[in-house]
Amino acid sequence: MMHGKTIAFLVAPEGVEEVELTEPWKAVKQAGGTPKLICTDAGQVQAFNHLDKADRFAVDATVDEVSVEDFAGLVLPGGVANPDFLRTVPQAVRFARGFFDAGKPVAAICHAPWTLIEADVVRDRVVTSWPSLQTDLRNAGAEWVDREVVICTAGPNMLVTSRMPDDLKAFDQAAIDAFSA
């Protein structure tokens, strides 16, 4: 389904929710795609299981070394600290926004829509997220709904969002479908 397609996974140096990185990563690989770990810093990423340190993952490239044209789509994993850090890094925000400008699919789970709020790309979109982000998303012009997965095509690209790790099966399938289109 995804042969020849490379998908960017944009994360901060620490704070990404491990399962929200590893499960979509596996889904991309199983669908024949090539996932690439993109970070603001070179080296390794420290993942977390909620508030506890988990595994470390090698960064494939920094956000300064790649461009949107290198990828068929973008995954934004969650974790509270991960998107909170990313939204403070202009290069990361520009990179995420670039997928919308290019009409390429984006999949964001849990707290990841914070980065999309900063990129100013959720206005007039239907989205879901971890429940505590609903006011932030509404204030940014999005319509927030409480559903396992939301696929929104009411913008320049396909946007897939989910609420939490419990939604990963539906999120992974919707993301693979979006990237395969």
# chains A, B, ... in the order shown; residues from 1 in each chain; ligands from 1
>>> select_by_dssp(residues="chain A", states="strand (DSSP E or B)", output="VMD selection string")
chain A and resid 6 to 11 14 to 17 34 to 39 44 to 49 52 to 58 61 to 62 73 to 76 106 to 109 126 to 127 143 to 144 149 to 152 159 to 162
>>> write_last_selection(atoms="C-alpha atoms", output="mmCIF file, in the first residue's frame")
data_model
loop_
_atom_site.group_PDB
_atom_site.id
_atom_site.type_symbol
_atom_site.label_atom_id
_atom_site.label_comp_id
_atom_site.auth_asym_id
_atom_site.auth_seq_id
_atom_site.Cartn_x
_atom_site.Cartn_y
_atom_site.Cartn_z
ATOM 1 C CA THR A 6 8.495 7.869 3.427
ATOM 2 C CA ILE A 7 6.626 9.186 6.457
ATOM 3 C CA ALA A 8 8.102 11.736 8.873
ATOM 4 C CA PHE A 9 7.602 11.223 12.615
ATOM 5 C CA LEU A 10 8.297 14.605 14.229
ATOM 6 C CA VAL A 11 9.226 14.525 17.921
ATOM 7 C CA GLU A 14 12.261 13.919 25.100
ATOM 8 C CA GLY A 15 8.690 13.454 26.204
ATOM 9 C CA VAL A 16 7.113 11.531 23.335
ATOM 10 C CA GLU A 17 4.642 8.881 24.492
ATOM 11 C CA THR A 34 9.538 3.903 5.404
ATOM 12 C CA PRO A 35 9.240 5.804 8.699
ATOM 13 C CA LYS A 36 11.895 8.405 9.558
ATOM 14 C CA LEU A 37 12.393 9.884 13.027
ATOM 15 C CA ILE A 38 12.772 13.649 12.732
ATOM 16 C CA CYS A 39 13.720 15.700 15.783
ATOM 17 C CA GLN A 44 18.551 10.071 20.466
ATOM 18 C CA VAL A 45 15.013 10.705 21.632
ATOM 19 C CA GLN A 46 13.959 9.793 25.163
ATOM 20 C CA ALA A 47 10.475 8.308 25.061
ATOM 21 C CA PHE A 48 8.145 8.029 28.044
ATOM 22 C CA ASN A 49 5.391 5.756 29.293
ATOM 23 C CA ASP A 52 8.173 7.290 33.417
ATOM 24 C CA LYS A 53 11.233 7.121 31.175
ATOM 25 C CA ALA A 54 10.994 4.390 28.566
ATOM 26 C CA ASP A 55 13.205 3.491 25.603
ATOM 27 C CA ARG A 56 15.506 5.724 23.585
ATOM 28 C CA PHE A 57 15.323 5.949 19.784
ATOM 29 C CA ALA A 58 17.921 7.071 17.251
ATOM 30 C CA ALA A 61 17.543 13.577 10.789
ATOM 31 C CA THR A 62 16.938 16.946 12.375
ATOM 32 C CA GLY A 73 3.022 12.419 5.141
ATOM 33 C CA LEU A 74 3.591 13.357 8.772
ATOM 34 C CA VAL A 75 2.853 11.621 12.078
ATOM 35 C CA LEU A 76 2.791 13.711 15.241
ATOM 36 C CA VAL A 106 -1.003 14.564 8.701
ATOM 37 C CA ALA A 107 -1.881 12.229 11.583
ATOM 38 C CA ALA A 108 -1.792 13.603 15.152
ATOM 39 C CA ILE A 109 -2.709 11.814 18.374
ATOM 40 C CA VAL A 126 -12.986 18.848 12.795
ATOM 41 C CA VAL A 127 -10.556 17.224 15.217
ATOM 42 C CA GLU A 143 -14.558 21.910 15.974
ATOM 43 C CA TRP A 144 -13.554 19.440 18.711
ATOM 44 C CA VAL A 149 -10.581 8.805 15.331
ATOM 45 C CA VAL A 150 -11.546 11.758 13.160
ATOM 46 C CA ILE A 151 -10.680 12.049 9.481
ATOM 47 C CA CYS A 152 -11.110 15.633 8.296
ATOM 48 C CA LEU A 159 -6.021 15.395 8.802
ATOM 49 C CA VAL A 160 -6.333 12.318 11.018
ATOM 50 C CA THR A 161 -6.639 12.823 14.782
ATOM 51 C CA SER A 162 -7.197 10.517 17.768
#
>>> residues_around(residues="Thr88 in chain A", least_positions_apart="3", cutoff="12 Å", atoms="only C-alpha atoms", output="PDB file with N, CA and C atoms, in the first residue's frame")
ATOM      1  N   ALA A  12      10.066  15.740  19.806  1.00  0.00           N
ATOM      2  CA  ALA A  12      11.009  16.515  20.607  1.00  0.00           C
ATOM      3  C   ALA A  12      12.104  15.576  21.128  1.00  0.00           C
ATOM      4  N   THR A  40      14.177  17.879  16.650  1.00  0.00           N
ATOM      5  CA  THR A  40      14.805  19.201  16.669  1.00  0.00           C
ATOM      6  C   THR A  40      16.300  19.096  16.922  1.00  0.00           C
ATOM      7  N   ALA A  81       4.788  16.485  27.157  1.00  0.00           N
ATOM      8  CA  ALA A  81       5.976  17.323  26.977  1.00  0.00           C
ATOM      9  C   ALA A  81       6.396  17.446  25.519  1.00  0.00           C
ATOM     10  N   ASN A  82       6.155  16.416  24.724  1.00  0.00           N
ATOM     11  CA  ASN A  82       6.604  16.386  23.335  1.00  0.00           C
ATOM     12  C   ASN A  82       6.031  17.544  22.506  1.00  0.00           C
ATOM     13  N   PRO A  83       4.713  17.644  22.323  1.00  0.00           N
ATOM     14  CA  PRO A  83       4.189  18.746  21.509  1.00  0.00           C
ATOM     15  C   PRO A  83       4.319  20.101  22.194  1.00  0.00           C
ATOM     16  N   ASP A  84       4.361  20.097  23.531  1.00  0.00           N
ATOM     17  CA  ASP A  84       4.543  21.367  24.235  1.00  0.00           C
ATOM     18  C   ASP A  84       5.906  21.960  23.897  1.00  0.00           C
ATOM     19  N   PHE A  85       6.921  21.116  23.768  1.00  0.00           N
ATOM     20  CA  PHE A  85       8.247  21.587  23.353  1.00  0.00           C
ATOM     21  C   PHE A  85       8.247  21.961  21.874  1.00  0.00           C
ATOM     22  N   GLN A  91      11.227  26.147  13.699  1.00  0.00           N
ATOM     23  CA  GLN A  91      11.507  25.245  12.578  1.00  0.00           C
ATOM     24  C   GLN A  91      10.563  24.043  12.597  1.00  0.00           C
ATOM     25  N   ALA A  92      10.260  23.523  13.777  1.00  0.00           N
ATOM     26  CA  ALA A  92       9.351  22.382  13.898  1.00  0.00           C
ATOM     27  C   ALA A  92       7.932  22.790  13.504  1.00  0.00           C
ATOM     28  N   VAL A  93       7.507  23.966  13.933  1.00  0.00           N
ATOM     29  CA  VAL A  93       6.171  24.459  13.600  1.00  0.00           C
ATOM     30  C   VAL A  93       6.061  24.686  12.089  1.00  0.00           C
ATOM     31  N   ARG A  94       7.086  25.289  11.493  1.00  0.00           N
ATOM     32  CA  ARG A  94       7.082  25.501  10.033  1.00  0.00           C
ATOM     33  C   ARG A  94       7.039  24.171   9.276  1.00  0.00           C
ATOM     34  N   TRP A 114      -1.405  20.317  19.833  1.00  0.00           N
ATOM     35  CA  TRP A 114      -0.821  21.577  20.302  1.00  0.00           C
ATOM     36  C   TRP A 114       0.130  22.152  19.249  1.00  0.00           C
ATOM     37  N   THR A 115       0.897  21.297  18.610  1.00  0.00           N
ATOM     38  CA  THR A 115       1.812  21.754  17.559  1.00  0.00           C
ATOM     39  C   THR A 115       1.013  22.317  16.388  1.00  0.00           C
ATOM     40  N   LEU A 116      -0.108  21.704  16.074  1.00  0.00           N
ATOM     41  CA  LEU A 116      -0.938  22.176  14.967  1.00  0.00           C
ATOM     42  C   LEU A 116      -1.627  23.497  15.293  1.00  0.00           C
ATOM     43  N   ILE A 117      -1.977  23.697  16.551  1.00  0.00           N
ATOM     44  CA  ILE A 117      -2.530  24.991  16.967  1.00  0.00           C
ATOM     45  C   ILE A 117      -1.498  26.080  16.713  1.00  0.00           C
ATOM     46  N   GLU A 118      -0.268  25.828  17.125  1.00  0.00           N
ATOM     47  CA  GLU A 118       0.804  26.811  16.930  1.00  0.00           C
ATOM     48  C   GLU A 118       1.053  27.073  15.448  1.00  0.00           C
ATOM     49  N   ALA A 119       0.883  26.049  14.618  1.00  0.00           N
ATOM     50  CA  ALA A 119       1.075  26.199  13.167  1.00  0.00           C
ATOM     51  C   ALA A 119      -0.122  26.883  12.500  1.00  0.00           C
TER      52      ALA A 119
END
>>> closest_residue(among="A:Leu137, A:Ala154, A:Ala102, A:Val89", to="Phe71 in chain A", atoms="only C-alpha atoms")
A:Ala102
>>> select_by_dssp(residues="range 56-104 of chain A", states="helix (DSSP H, G or I)", output="PDB file with C-alpha atoms, in the first residue's frame")
ATOM      1  CA  VAL A  63      14.122  19.195  11.260  1.00  0.00           C
ATOM      2  CA  ASP A  64      16.758  21.553   9.787  1.00  0.00           C
ATOM      3  CA  GLU A  65      18.110  18.762   7.532  1.00  0.00           C
ATOM      4  CA  VAL A  68       8.362  18.511   3.424  1.00  0.00           C
ATOM      5  CA  GLU A  69       9.148  17.415  -0.147  1.00  0.00           C
ATOM      6  CA  ASP A  70      11.135  14.482   1.298  1.00  0.00           C
ATOM      7  CA  ALA A  81       5.976  17.323  26.977  1.00  0.00           C
ATOM      8  CA  ASN A  82       6.604  16.386  23.335  1.00  0.00           C
ATOM      9  CA  PRO A  83       4.189  18.746  21.509  1.00  0.00           C
ATOM     10  CA  ASP A  84       4.543  21.367  24.235  1.00  0.00           C
ATOM     11  CA  PHE A  85       8.247  21.587  23.353  1.00  0.00           C
ATOM     12  CA  LEU A  86       7.721  21.333  19.577  1.00  0.00           C
ATOM     13  CA  PRO A  90       9.820  27.727  14.953  1.00  0.00           C
ATOM     14  CA  GLN A  91      11.507  25.245  12.578  1.00  0.00           C
ATOM     15  CA  ALA A  92       9.351  22.382  13.898  1.00  0.00           C
ATOM     16  CA  VAL A  93       6.171  24.459  13.600  1.00  0.00           C
ATOM     17  CA  ARG A  94       7.082  25.501  10.033  1.00  0.00           C
ATOM     18  CA  PHE A  95       7.826  21.876   9.129  1.00  0.00           C
ATOM     19  CA  ALA A  96       4.417  20.724  10.420  1.00  0.00           C
ATOM     20  CA  ARG A  97       2.627  23.591   8.671  1.00  0.00           C
ATOM     21  CA  GLY A  98       4.424  22.752   5.443  1.00  0.00           C
ATOM     22  CA  PHE A  99       2.499  19.477   5.139  1.00  0.00           C
ATOM     23  CA  PHE A 100      -0.768  21.433   5.146  1.00  0.00           C
ATOM     24  CA  ASP A 101       0.584  23.950   2.623  1.00  0.00           C
TER      25      ASP A 101
END
